[in-house]
file query-v2.cif (mmCIF, C-alpha atoms)
data_coords
loop_
_atom_site.group_PDB
_atom_site.id
_atom_site.type_symbol
_atom_site.label_atom_id
_atom_site.label_comp_id
_atom_site.auth_asym_id
_atom_site.auth_seq_id
_atom_site.Cartn_x
_atom_site.Cartn_y
_atom_site.Cartn_z
ATOM 1 C CA MET A 9 -65.777 77.064 -103.633
ATOM 2 C CA ILE A 10 -68.902 79.263 -103.746
ATOM 3 C CA GLU A 11 -69.682 80.813 -107.118
ATOM 4 C CA VAL A 12 -69.684 84.595 -106.704
ATOM 5 C CA PRO A 13 -72.466 86.468 -108.588
ATOM 6 C CA LEU A 14 -71.362 88.946 -111.241
ATOM 7 C CA THR A 15 -73.110 91.810 -109.450
ATOM 8 C CA TRP A 16 -70.987 91.213 -106.349
ATOM 9 C CA GLN A 17 -67.833 91.197 -108.442
ATOM 10 C CA LEU A 18 -68.808 94.460 -110.123
ATOM 11 C CA ALA A 19 -69.623 96.031 -106.768
ATOM 12 C CA LYS A 20 -66.249 94.908 -105.436
ATOM 13 C CA LEU A 21 -64.531 96.403 -108.476
ATOM 14 C CA GLY A 22 -66.337 99.732 -108.232
ATOM 15 C CA LEU A 23 -65.847 100.106 -104.488
ATOM 16 C CA SER A 24 -62.165 99.166 -104.663
ATOM 17 C CA ILE A 25 -61.391 101.731 -107.351
ATOM 18 C CA SER A 26 -63.438 104.565 -105.843
ATOM 19 C CA MET A 27 -62.113 104.114 -102.300
ATOM 20 C CA VAL A 28 -58.491 104.015 -103.432
ATOM 21 C CA LEU A 29 -58.838 107.075 -105.676
ATOM 22 C CA GLY A 30 -60.427 108.914 -102.757
ATOM 23 C CA LEU A 31 -57.044 109.040 -101.014
ATOM 24 C CA GLY A 32 -55.057 109.573 -104.210
ATOM 25 C CA ALA A 33 -53.247 112.874 -103.549
ATOM 26 C CA ILE A 34 -53.143 113.098 -99.738
ATOM 27 C CA ALA A 35 -49.348 113.120 -99.506
ATOM 28 C CA VAL A 36 -49.213 116.135 -101.802
ATOM 29 C CA ARG A 37 -52.164 118.154 -100.515
ATOM 30 C CA ALA A 38 -51.399 117.527 -96.863
ATOM 31 C CA SER A 39 -48.161 115.743 -95.988
ATOM 32 C CA PRO A 40 -46.661 112.242 -95.951
ATOM 33 C CA ARG A 41 -47.112 112.300 -92.185
ATOM 34 C CA MET A 42 -50.878 112.757 -92.558
ATOM 35 C CA ALA A 43 -50.880 110.174 -95.346
ATOM 36 C CA GLY A 44 -49.238 107.730 -92.955
ATOM 37 C CA LEU A 45 -51.990 108.295 -90.407
ATOM 38 C CA LEU A 46 -54.776 108.011 -92.979
ATOM 39 C CA ALA A 47 -53.187 104.918 -94.500
ATOM 40 C CA GLY A 48 -54.470 103.222 -91.363
ATOM 41 C CA TYR A 49 -58.078 104.076 -92.238
ATOM 42 C CA PRO A 50 -59.921 100.776 -92.849
ATOM 43 C CA LEU A 51 -60.473 100.906 -96.604
ATOM 44 C CA GLY A 52 -58.835 97.709 -97.858
ATOM 45 C CA THR A 53 -59.542 95.764 -94.670
ATOM 46 C CA ALA A 54 -63.186 96.849 -94.702
ATOM 47 C CA LEU A 55 -63.623 95.732 -98.310
ATOM 48 C CA ALA A 56 -61.864 92.425 -97.704
ATOM 49 C CA LEU A 57 -63.840 91.497 -94.578
ATOM 50 C CA PHE A 58 -67.147 92.684 -96.040
ATOM 51 C CA PHE A 59 -66.832 90.612 -99.207
ATOM 52 C CA ILE A 60 -65.470 87.623 -97.284
ATOM 53 C CA GLY A 61 -68.656 87.800 -95.220
ATOM 54 C CA LEU A 62 -70.824 88.279 -98.302
ATOM 55 C CA GLU A 63 -69.244 85.503 -100.360
ATOM 56 C CA ILE A 64 -68.654 82.934 -97.592
ATOM 57 C CA SER A 65 -70.602 83.824 -94.437
ATOM 58 C CA PRO A 66 -70.795 86.530 -91.752
ATOM 59 C CA GLN A 67 -69.654 83.948 -89.184
ATOM 60 C CA PHE A 68 -66.498 83.211 -91.199
ATOM 61 C CA ALA A 69 -65.821 86.944 -91.548
ATOM 62 C CA THR A 70 -66.275 87.380 -87.790
ATOM 63 C CA GLN A 71 -63.732 84.657 -87.060
ATOM 64 C CA SER A 72 -61.382 86.159 -89.645
ATOM 65 C CA ALA A 73 -61.708 89.632 -88.101
ATOM 66 C CA VAL A 74 -60.421 88.311 -84.790
ATOM 67 C CA HIS A 75 -57.221 87.185 -86.519
ATOM 68 C CA THR A 76 -57.071 90.444 -88.488
ATOM 69 C CA LEU A 77 -56.541 92.243 -85.178
ATOM 70 C CA ALA A 78 -53.195 90.481 -84.791
ATOM 71 C CA GLY A 79 -52.510 90.542 -88.537
ATOM 72 C CA PHE A 80 -51.792 94.280 -88.459
ATOM 73 C CA THR A 81 -48.472 93.353 -86.868
ATOM 74 C CA ALA A 82 -47.492 91.719 -90.158
ATOM 75 C CA THR A 83 -48.502 94.902 -91.987
ATOM 76 C CA MET A 84 -46.091 96.942 -89.875
ATOM 77 C CA ALA A 85 -43.421 94.332 -90.556
ATOM 78 C CA LEU A 86 -44.040 94.854 -94.274
ATOM 79 C CA GLY A 87 -43.439 98.568 -93.802
ATOM 80 C CA ALA A 88 -40.201 97.892 -91.930
ATOM 81 C CA GLY A 89 -39.026 95.485 -94.625
ATOM 82 C CA TYR A 90 -39.821 98.007 -97.354
ATOM 83 C CA TRP A 91 -38.007 100.779 -95.481
ATOM 84 C CA MET A 92 -34.861 98.716 -94.926
ATOM 85 C CA ALA A 93 -34.662 97.191 -98.418
ATOM 86 C CA GLY A 94 -36.044 100.067 -100.518
ATOM 87 C CA ARG A 95 -33.735 102.996 -99.786
ATOM 88 C CA GLN A 96 -32.553 103.465 -103.352
ATOM 89 C CA PRO A 97 -34.418 105.717 -105.792
ATOM 90 C CA GLY A 98 -36.355 104.615 -108.862
ATOM 91 C CA VAL A 99 -37.403 101.172 -109.974
ATOM 92 C CA LYS A 100 -34.485 99.472 -108.241
ATOM 93 C CA GLY A 101 -35.559 100.861 -104.893
ATOM 94 C CA VAL A 102 -39.193 99.880 -105.505
ATOM 95 C CA ILE A 103 -38.252 96.300 -106.378
ATOM 96 C CA GLY A 104 -36.012 96.020 -103.337
ATOM 97 C CA GLY A 105 -38.655 97.550 -101.074
ATOM 98 C CA VAL A 106 -41.452 95.281 -102.313
ATOM 99 C CA ALA A 107 -39.256 92.192 -102.008
ATOM 100 C CA GLY A 108 -38.098 93.103 -98.507
ATOM 101 C CA GLY A 109 -41.612 94.038 -97.412
ATOM 102 C CA LEU A 110 -43.245 90.864 -98.694
ATOM 103 C CA VAL A 111 -40.573 88.642 -97.121
ATOM 104 C CA ALA A 112 -41.090 90.369 -93.761
ATOM 105 C CA TRP A 113 -44.891 90.177 -94.105
ATOM 106 C CA LEU A 114 -44.861 86.477 -94.983
ATOM 107 C CA ALA A 115 -42.495 85.600 -92.136
ATOM 108 C CA VAL A 116 -44.567 87.397 -89.496
ATOM 109 C CA SER A 117 -47.884 86.195 -90.989
ATOM 110 C CA THR A 118 -46.713 82.587 -90.893
ATOM 111 C CA LEU A 119 -45.786 83.011 -87.245
ATOM 112 C CA LEU A 120 -49.119 84.642 -86.367
ATOM 113 C CA ALA A 121 -51.104 81.907 -88.130
ATOM 114 C CA GLN A 122 -49.784 79.372 -85.613
ATOM 115 C CA PHE A 123 -51.788 80.927 -82.766
ATOM 116 C CA ASN A 124 -55.493 80.973 -81.939
ATOM 117 C CA PHE A 125 -56.087 84.606 -81.084
ATOM 118 C CA THR A 126 -58.955 86.110 -79.152
ATOM 119 C CA ARG A 127 -60.103 89.713 -79.512
ATOM 120 C CA LEU A 128 -58.052 90.650 -76.458
ATOM 121 C CA SER A 129 -54.856 88.795 -77.334
ATOM 122 C CA GLY A 130 -54.979 89.904 -80.995
ATOM 123 C CA THR A 131 -55.379 93.541 -79.987
ATOM 124 C CA LEU A 132 -52.609 93.334 -77.376
ATOM 125 C CA VAL A 133 -50.184 91.815 -79.896
ATOM 126 C CA THR A 134 -50.740 94.679 -82.313
ATOM 127 C CA LEU A 135 -50.560 97.330 -79.573
ATOM 128 C CA CYS A 136 -47.173 95.948 -78.519
ATOM 129 C CA ALA A 137 -46.087 95.908 -82.161
ATOM 130 C CA ILE A 138 -47.170 99.555 -82.574
ATOM 131 C CA ALA A 139 -44.892 100.525 -79.675
ATOM 132 C CA LEU A 140 -42.040 98.414 -81.087
ATOM 133 C CA PHE A 141 -42.223 99.703 -84.660
ATOM 134 C CA SER A 142 -42.826 103.308 -83.584
ATOM 135 C CA GLY A 143 -39.563 103.120 -81.671
ATOM 136 C CA LEU A 144 -37.822 101.498 -84.644
ATOM 137 C CA PHE A 145 -39.036 104.241 -87.009
ATOM 138 C CA ARG A 146 -38.302 107.110 -84.619
ATOM 139 C CA SER A 147 -35.016 107.980 -86.354
ATOM 140 C CA ILE A 148 -36.712 108.575 -89.731
ATOM 141 C CA THR A 149 -36.697 112.252 -90.712
ATOM 142 C CA ASP A 150 -40.016 113.777 -91.773
ATOM 143 C CA VAL A 151 -39.967 114.925 -95.410
ATOM 144 C CA ARG A 152 -42.692 116.850 -97.200
ATOM 145 C CA ILE A 153 -43.297 116.737 -100.946
ATOM 146 C CA PRO A 154 -43.199 120.091 -102.777
ATOM 147 C CA ALA A 155 -46.775 121.151 -103.533
ATOM 148 C CA SER A 156 -46.006 121.536 -107.245
ATOM 149 C CA ARG A 157 -45.162 117.867 -107.619
ATOM 150 C CA THR A 158 -48.515 116.183 -107.955
ATOM 151 C CA PHE A 159 -49.520 112.667 -108.900
ATOM 152 C CA SER A 160 -50.498 112.099 -112.505
ATOM 153 C CA LEU A 161 -53.803 110.523 -113.498
ATOM 154 C CA PRO A 162 -52.056 107.397 -114.912
ATOM 155 C CA ALA A 163 -50.251 106.964 -111.588
ATOM 156 C CA LEU A 164 -53.504 107.159 -109.652
ATOM 157 C CA ALA A 165 -55.154 104.740 -112.081
ATOM 158 C CA ALA A 166 -52.258 102.306 -111.647
ATOM 159 C CA ARG A 167 -52.590 102.540 -107.892
ATOM 160 C CA ALA A 168 -56.323 101.856 -108.034
ATOM 161 C CA ALA A 169 -55.810 98.930 -110.410
ATOM 162 C CA LEU A 170 -53.146 97.339 -108.185
ATOM 163 C CA ALA A 171 -55.261 97.758 -105.060
ATOM 164 C CA THR A 172 -58.235 96.198 -106.853
ATOM 165 C CA VAL A 173 -56.148 93.197 -107.904
ATOM 166 C CA ILE A 174 -55.032 92.734 -104.285
ATOM 167 C CA ILE A 175 -58.644 92.904 -103.019
ATOM 168 C CA PHE A 176 -59.801 90.300 -105.551
ATOM 169 C CA THR A 177 -56.828 88.063 -104.677
ATOM 170 C CA ILE A 178 -57.504 88.242 -100.928
ATOM 171 C CA THR A 179 -61.227 87.539 -101.204
ATOM 172 C CA SER A 180 -60.638 84.693 -103.672
ATOM 173 C CA LEU A 181 -57.993 83.028 -101.493
ATOM 174 C CA ALA A 182 -60.294 83.312 -98.469
ATOM 175 C CA HIS A 183 -62.519 80.616 -100.024
ATOM 176 C CA TRP A 184 -59.660 78.125 -99.705
ATOM 177 C CA LEU A 185 -58.063 79.207 -96.420
ATOM 178 C CA PRO A 186 -58.964 78.830 -92.728
ATOM 179 C CA PRO A 187 -60.126 81.961 -90.846
ATOM 180 C CA ALA A 188 -56.646 82.508 -89.348
ATOM 181 C CA TRP A 189 -55.049 83.044 -92.766
ATOM 182 C CA ALA A 190 -58.089 84.794 -94.243
ATOM 183 C CA GLY A 191 -58.000 87.280 -91.374
ATOM 184 C CA THR A 192 -54.271 87.830 -91.739
ATOM 185 C CA LEU A 193 -54.720 88.480 -95.469
ATOM 186 C CA ALA A 194 -57.501 90.967 -94.698
ATOM 187 C CA ALA A 195 -54.928 92.993 -92.746
ATOM 188 C CA PHE A 196 -52.696 93.275 -95.829
ATOM 189 C CA PRO A 197 -52.035 96.975 -96.673
ATOM 190 C CA VAL A 198 -54.230 97.050 -99.776
ATOM 191 C CA THR A 199 -54.239 100.828 -100.136
ATOM 192 C CA MET A 200 -50.894 101.626 -98.517
ATOM 193 C CA LEU A 201 -48.638 99.397 -100.628
ATOM 194 C CA PRO A 202 -49.726 100.783 -104.039
ATOM 195 C CA PHE A 203 -49.469 104.253 -102.513
ATOM 196 C CA LEU A 204 -45.878 103.577 -101.450
ATOM 197 C CA LEU A 205 -44.947 102.337 -104.923
ATOM 198 C CA ILE A 206 -46.320 105.422 -106.700
ATOM 199 C CA LEU A 207 -44.837 107.740 -104.076
ATOM 200 C CA HIS A 208 -41.444 106.039 -104.379
ATOM 201 C CA LEU A 209 -41.362 106.233 -108.175
ATOM 202 C CA ASN A 210 -42.435 109.880 -108.271
ATOM 203 C CA HIS A 211 -40.727 111.350 -105.234
ATOM 204 C CA GLY A 212 -38.029 108.961 -104.012
ATOM 205 C CA ALA A 213 -37.448 106.965 -100.856
ATOM 206 C CA ALA A 214 -37.490 109.799 -98.285
ATOM 207 C CA PRO A 215 -41.253 110.599 -98.298
ATOM 208 C CA VAL A 216 -41.970 106.860 -98.440
ATOM 209 C CA ALA A 217 -40.019 106.453 -95.209
ATOM 210 C CA THR A 218 -42.060 109.285 -93.658
ATOM 211 C CA VAL A 219 -45.338 107.538 -94.512
ATOM 212 C CA ILE A 220 -44.018 104.268 -93.054
ATOM 213 C CA LYS A 221 -42.839 106.099 -89.925
ATOM 214 C CA HIS A 222 -46.326 107.390 -89.087
ATOM 215 C CA TYR A 223 -48.297 104.347 -90.227
ATOM 216 C CA PRO A 224 -48.193 102.481 -86.870
ATOM 217 C CA MET A 225 -49.764 105.414 -85.017
ATOM 218 C CA GLY A 226 -52.587 105.477 -87.563
ATOM 219 C CA LEU A 227 -53.516 101.864 -86.881
ATOM 220 C CA GLY A 228 -55.864 102.809 -84.077
ATOM 221 C CA SER A 229 -58.666 103.390 -86.582
ATOM 222 C CA LEU A 230 -58.065 99.962 -88.132
ATOM 223 C CA LEU A 231 -58.087 98.302 -84.730
ATOM 224 C CA SER A 232 -61.266 100.180 -83.788
ATOM 225 C CA TYR A 233 -62.977 99.141 -87.008
ATOM 226 C CA THR A 234 -61.932 95.499 -86.891
ATOM 227 C CA LEU A 235 -62.762 95.061 -83.213
ATOM 228 C CA CYS A 236 -66.155 96.645 -83.836
ATOM 229 C CA VAL A 237 -67.132 94.452 -86.807
ATOM 230 C CA SER A 238 -65.984 91.328 -84.971
ATOM 231 C CA TYR A 239 -69.027 91.989 -82.766
ATOM 232 C CA THR A 240 -71.469 93.716 -85.107
ATOM 233 C CA TYR A 241 -71.294 91.347 -88.103
ATOM 234 C CA SER A 242 -73.069 88.659 -86.097
ATOM 235 C CA THR A 243 -75.536 91.007 -84.368
ATOM 236 C CA LEU A 244 -76.322 93.731 -86.917
ATOM 237 C CA GLY A 245 -75.412 92.045 -90.199
ATOM 238 C CA LEU A 246 -72.759 92.950 -92.748
ATOM 239 C CA LEU A 247 -74.098 96.314 -93.921
ATOM 240 C CA TRP A 248 -74.950 97.869 -90.572
ATOM 241 C CA GLY A 249 -71.962 96.221 -88.942
ATOM 242 C CA THR A 250 -69.703 97.832 -91.540
ATOM 243 C CA LEU A 251 -71.291 101.270 -91.071
ATOM 244 C CA VAL A 252 -70.928 101.093 -87.298
ATOM 245 C CA GLY A 253 -67.317 99.978 -87.782
ATOM 246 C CA PHE A 254 -66.589 102.987 -89.992
ATOM 247 C CA ALA A 255 -68.188 105.264 -87.400
ATOM 248 C CA ALA A 256 -65.901 103.852 -84.702
ATOM 249 C CA ALA A 257 -62.821 104.184 -86.938
ATOM 250 C CA THR A 258 -63.701 107.776 -87.865
ATOM 251 C CA LEU A 259 -64.282 108.824 -84.263
ATOM 252 C CA TRP A 260 -60.945 107.359 -83.244
ATOM 253 C CA LEU A 261 -59.112 109.049 -86.125
ATOM 254 C CA LEU A 262 -60.696 112.451 -85.450
ATOM 255 C CA GLY A 263 -59.869 112.167 -81.772
ATOM 256 C CA TRP A 264 -56.287 111.162 -82.507
ATOM 257 C CA MET A 265 -55.807 114.061 -84.949
ATOM 258 C CA GLN A 266 -57.154 116.492 -82.349
ATOM 259 C CA LEU A 267 -54.727 115.080 -79.802
ATOM 260 C CA ILE A 268 -51.822 115.520 -82.209
ATOM 261 C CA ALA A 269 -52.871 119.109 -82.978
ATOM 262 C CA TRP A 270 -53.125 119.887 -79.259
ATOM 263 C CA TYR A 271 -49.685 118.423 -78.589
ATOM 264 C CA GLN A 272 -48.134 120.412 -81.440
ATOM 265 C CA ARG A 273 -49.663 123.654 -80.165
ATOM 266 C CA ARG A 274 -48.405 122.952 -76.674
ATOM 267 C CA THR A 275 -44.856 122.186 -77.790
ATOM 268 C CA ALA A 276 -44.629 125.005 -80.353
#

call {"tool": "encode", "arguments": {"input": "query-v2.cif", "output": "structure tokens"}}
result
Amino acid sequence: MIEVPLTWQLAKLGLSISMVLGLGAIAVRASPRMAGLLAGYPLGTALALFFIGLEISPQFATQSAVHTLAGFTATMALGAGYWMAGRQPGVKGVIGGVAGGLVAWLAVSTLLAQFNFTRLSGTLVTLCAIALFSGLFRSITDVRIPASRTFSLPALAARAALATVIIFTITSLAHWLPPAWAGTLAAFPVTMLPFLLILHLNHGAAPVATVIKHYPMGLGSLLSYTLCVSYTYSTLGLLWGTLVGFAAATLWLLGWMQLIAWYQRRTA
């Protein structure tokens, strides 16, 4: 296993905390629906793949990114497992949701790890899964959190701390795993899962279900980012490859939000 310099570890810590806190109160200031879409923005995946490339090699990160494309299917399975097992309020609902989500994620991840995906096949698997899970979640009723009920600073700090622990775990395990599993781990919902836990504890299961409902349709930005870096890491390097990936993800997300706004105006 490669010894990771302290400066890299500190950079990983700082970036993890700052990026998670950046989306801290979206469900309150906008809506759980918007939070579900933005939960697909490539924060955790970008950090995981970047530091996998920095600590191991850009070539390993490129191979991992190809499997990450299919790994988003396991992320949606985690959301479905959380939704089905976490319908009770409070700590009991959180424990049930986490247990159900992790079981579903592990089952689907184990299945995905048996295949050698290409960029095309990995993307097609996730696109089919988006259609499947969007249909499964269609019956969920949209719920908005009252504007007066905001997240506390300790809750946001807990979310950032949990997301940071997940990032460090993923990048550490990547040193011992083949690219197929490293890529699948990079697709783990680093920012979404802590967000669901805090949202569940503070506001109950209904807004959590709304976030999960809209998460699949927000995955386009993650797919755009991951597909982009699977090419640019080897041609432009980690830094520029990451920046170009974020540009692609942002353009997709802005375009998708404009499309949603247009559709809502037309159907109003």

call {"tool": "residues_around", "arguments": {"input": "query-v2.cif", "residues": "Ser72 in chain A", "least_positions_apart": "4", "cutoff": "12 Å", "atoms": "all atoms listed in the file", "output": "PyMOL selection string"}}
result
chain A and resi 53-54+56-61+64-68+76-79+121+124-127+130+179+182-183+185-195+234-235+237-239+241

call {"tool": "write_last_selection", "arguments": {"input": "query-v2.cif", "atoms": "C-alpha atoms", "output": "PDB file, in the frame of the given file"}}
result
ATOM      1  CA  THR A  53     -59.542  95.764 -94.670  1.00  0.00           C
ATOM      2  CA  ALA A  54     -63.186  96.849 -94.702  1.00  0.00           C
ATOM      3  CA  ALA A  56     -61.864  92.425 -97.704  1.00  0.00           C
ATOM      4  CA  LEU A  57     -63.840  91.497 -94.578  1.00  0.00           C
ATOM      5  CA  PHE A  58     -67.147  92.684 -96.040  1.00  0.00           C
ATOM      6  CA  PHE A  59     -66.832  90.612 -99.207  1.00  0.00           C
ATOM      7  CA  ILE A  60     -65.470  87.623 -97.284  1.00  0.00           C
ATOM      8  CA  GLY A  61     -68.656  87.800 -95.220  1.00  0.00           C
ATOM      9  CA  ILE A  64     -68.654  82.934 -97.592  1.00  0.00           C
ATOM     10  CA  SER A  65     -70.602  83.824 -94.437  1.00  0.00           C
ATOM     11  CA  PRO A  66     -70.795  86.530 -91.752  1.00  0.00           C
ATOM     12  CA  GLN A  67     -69.654  83.948 -89.184  1.00  0.00           C
ATOM     13  CA  PHE A  68     -66.498  83.211 -91.199  1.00  0.00           C
ATOM     14  CA  THR A  76     -57.071  90.444 -88.488  1.00  0.00           C
ATOM     15  CA  LEU A  77     -56.541  92.243 -85.178  1.00  0.00           C
ATOM     16  CA  ALA A  78     -53.195  90.481 -84.791  1.00  0.00           C
ATOM     17  CA  GLY A  79     -52.510  90.542 -88.537  1.00  0.00           C
ATOM     18  CA  ALA A 121     -51.104  81.907 -88.130  1.00  0.00           C
ATOM     19  CA  ASN A 124     -55.493  80.973 -81.939  1.00  0.00           C
ATOM     20  CA  PHE A 125     -56.087  84.606 -81.084  1.00  0.00           C
ATOM     21  CA  THR A 126     -58.955  86.110 -79.152  1.00  0.00           C
ATOM     22  CA  ARG A 127     -60.103  89.713 -79.512  1.00  0.00           C
ATOM     23  CA  GLY A 130     -54.979  89.904 -80.995  1.00  0.00           C
ATOM     24  CA  THR A 179     -61.227  87.539-101.204  1.00  0.00           C
ATOM     25  CA  ALA A 182     -60.294  83.312 -98.469  1.00  0.00           C
ATOM     26  CA  HIS A 183     -62.519  80.616-100.024  1.00  0.00           C
ATOM     27  CA  LEU A 185     -58.063  79.207 -96.420  1.00  0.00           C
ATOM     28  CA  PRO A 186     -58.964  78.830 -92.728  1.00  0.00           C
ATOM     29  CA  PRO A 187     -60.126  81.961 -90.846  1.00  0.00           C
ATOM     30  CA  ALA A 188     -56.646  82.508 -89.348  1.00  0.00           C
ATOM     31  CA  TRP A 189     -55.049  83.044 -92.766  1.00  0.00           C
ATOM     32  CA  ALA A 190     -58.089  84.794 -94.243  1.00  0.00           C
ATOM     33  CA  GLY A 191     -58.000  87.280 -91.374  1.00  0.00           C
ATOM     34  CA  THR A 192     -54.271  87.830 -91.739  1.00  0.00           C
ATOM     35  CA  LEU A 193     -54.720  88.480 -95.469  1.00  0.00           C
ATOM     36  CA  ALA A 194     -57.501  90.967 -94.698  1.00  0.00           C
ATOM     37  CA  ALA A 195     -54.928  92.993 -92.746  1.00  0.00           C
ATOM     38  CA  THR A 234     -61.932  95.499 -86.891  1.00  0.00           C
ATOM     39  CA  LEU A 235     -62.762  95.061 -83.213  1.00  0.00           C
ATOM     40  CA  VAL A 237     -67.132  94.452 -86.807  1.00  0.00           C
ATOM     41  CA  SER A 238     -65.984  91.328 -84.971  1.00  0.00           C
ATOM     42  CA  TYR A 239     -69.027  91.989 -82.766  1.00  0.00           C
ATOM     43  CA  TYR A 241     -71.294  91.347 -88.103  1.00  0.00           C
TER      44      TYR A 241
END

call {"tool": "atom_distance", "arguments": {"input": "query-v2.cif", "atom1": "CA of Leu204 in chain A", "atom2": "CA of Ser229 in chain A"}}
result
19.6 Å

call {"tool": "residues_around", "arguments": {"input": "query-v2.cif", "residues": "range 109-113 of chain A", "least_positions_apart": "2", "cutoff": "10 Å", "atoms": "all atoms listed in the file", "output": "ChimeraX atom specification"}}
result
/A:79-94,103-107,115-119,192,196,201

call {"tool": "resolve_selection", "arguments": {"input": "query-v2.cif", "expression": "the PyMOL selection byres ((chain A and resi 148) around 9)", "output": "number ranges by chain"}}
result
A: 144-147, 149-150, 214, 217-218, 221

call {"tool": "atom_distance", "arguments": {"input": "query-v2.cif", "atom1": "CA of Val102 in chain A", "atom2": "CA of Leu205 in chain A"}}
result
6.3 Å

call {"tool": "residues_around", "arguments": {"input": "query-v2.cif", "residues": "Ala256 in chain A", "least_positions_apart": "6", "cutoff": "8 Å", "atoms": "all atoms listed in the file", "output": "PDB file with C-alpha atoms, in the frame of the given file"}}
result
ATOM      1  CA  SER A 229     -58.666 103.390 -86.582  1.00  0.00           C
ATOM      2  CA  SER A 232     -61.266 100.180 -83.788  1.00  0.00           C
ATOM      3  CA  TYR A 233     -62.977  99.141 -87.008  1.00  0.00           C
ATOM      4  CA  CYS A 236     -66.155  96.645 -83.836  1.00  0.00           C
TER       5      CYS A 236
END

call {"tool": "closest_residue", "arguments": {"input": "query-v2.cif", "among": "A:Leu181, A:Ile268, A:Met200, A:Leu230", "to": "Gly253 in chain A", "atoms": "only C-alpha atoms"}}
result
A:Leu230

call {"tool": "closest_residue", "arguments": {"input": "query-v2.cif", "among": "A:Thr177, A:Thr258, A:Gln266, A:Gln122", "to": "Tyr49 in chain A", "atoms": "all atoms listed in the file"}}
result
A:Thr258

call {"tool": "atom_distance", "arguments": {"input": "query-v2.cif", "atom1": "CA of Pro97 in chain A", "atom2": "CA of Val216 in chain A"}}
result
10.6 Å

call {"tool": "residues_near_point", "arguments": {"input": "query-v2.cif", "point": "(-57.0, 98.0, -94.6)", "cutoff": "6 Å", "atoms": "all atoms listed in the file", "output": "ChimeraX atom specification"}}
result
/A:50-53,195,197-198

call {"tool": "closest_residue", "arguments": {"input": "query-v2.cif", "among": "A:Ala166, A:Leu227, A:Val219, A:Gly101", "to": "Ala137 in chain A", "atoms": "only C-alpha atoms"}}
result
A:Leu227

call {"tool": "closest_residue", "arguments": {"input": "query-v2.cif", "among": "A:Trp248, A:Pro202, A:Gly226, A:Leu62", "to": "Trp260 in chain A", "atoms": "only C-alpha atoms"}}
result
A:Gly226

call {"tool": "closest_residue", "arguments": {"input": "query-v2.cif", "among": "A:Ile206, A:Val133, A:Ala255, A:Ala213", "to": "Ala168 in chain A", "atoms": "all atoms listed in the file"}}
result
A:Ile206
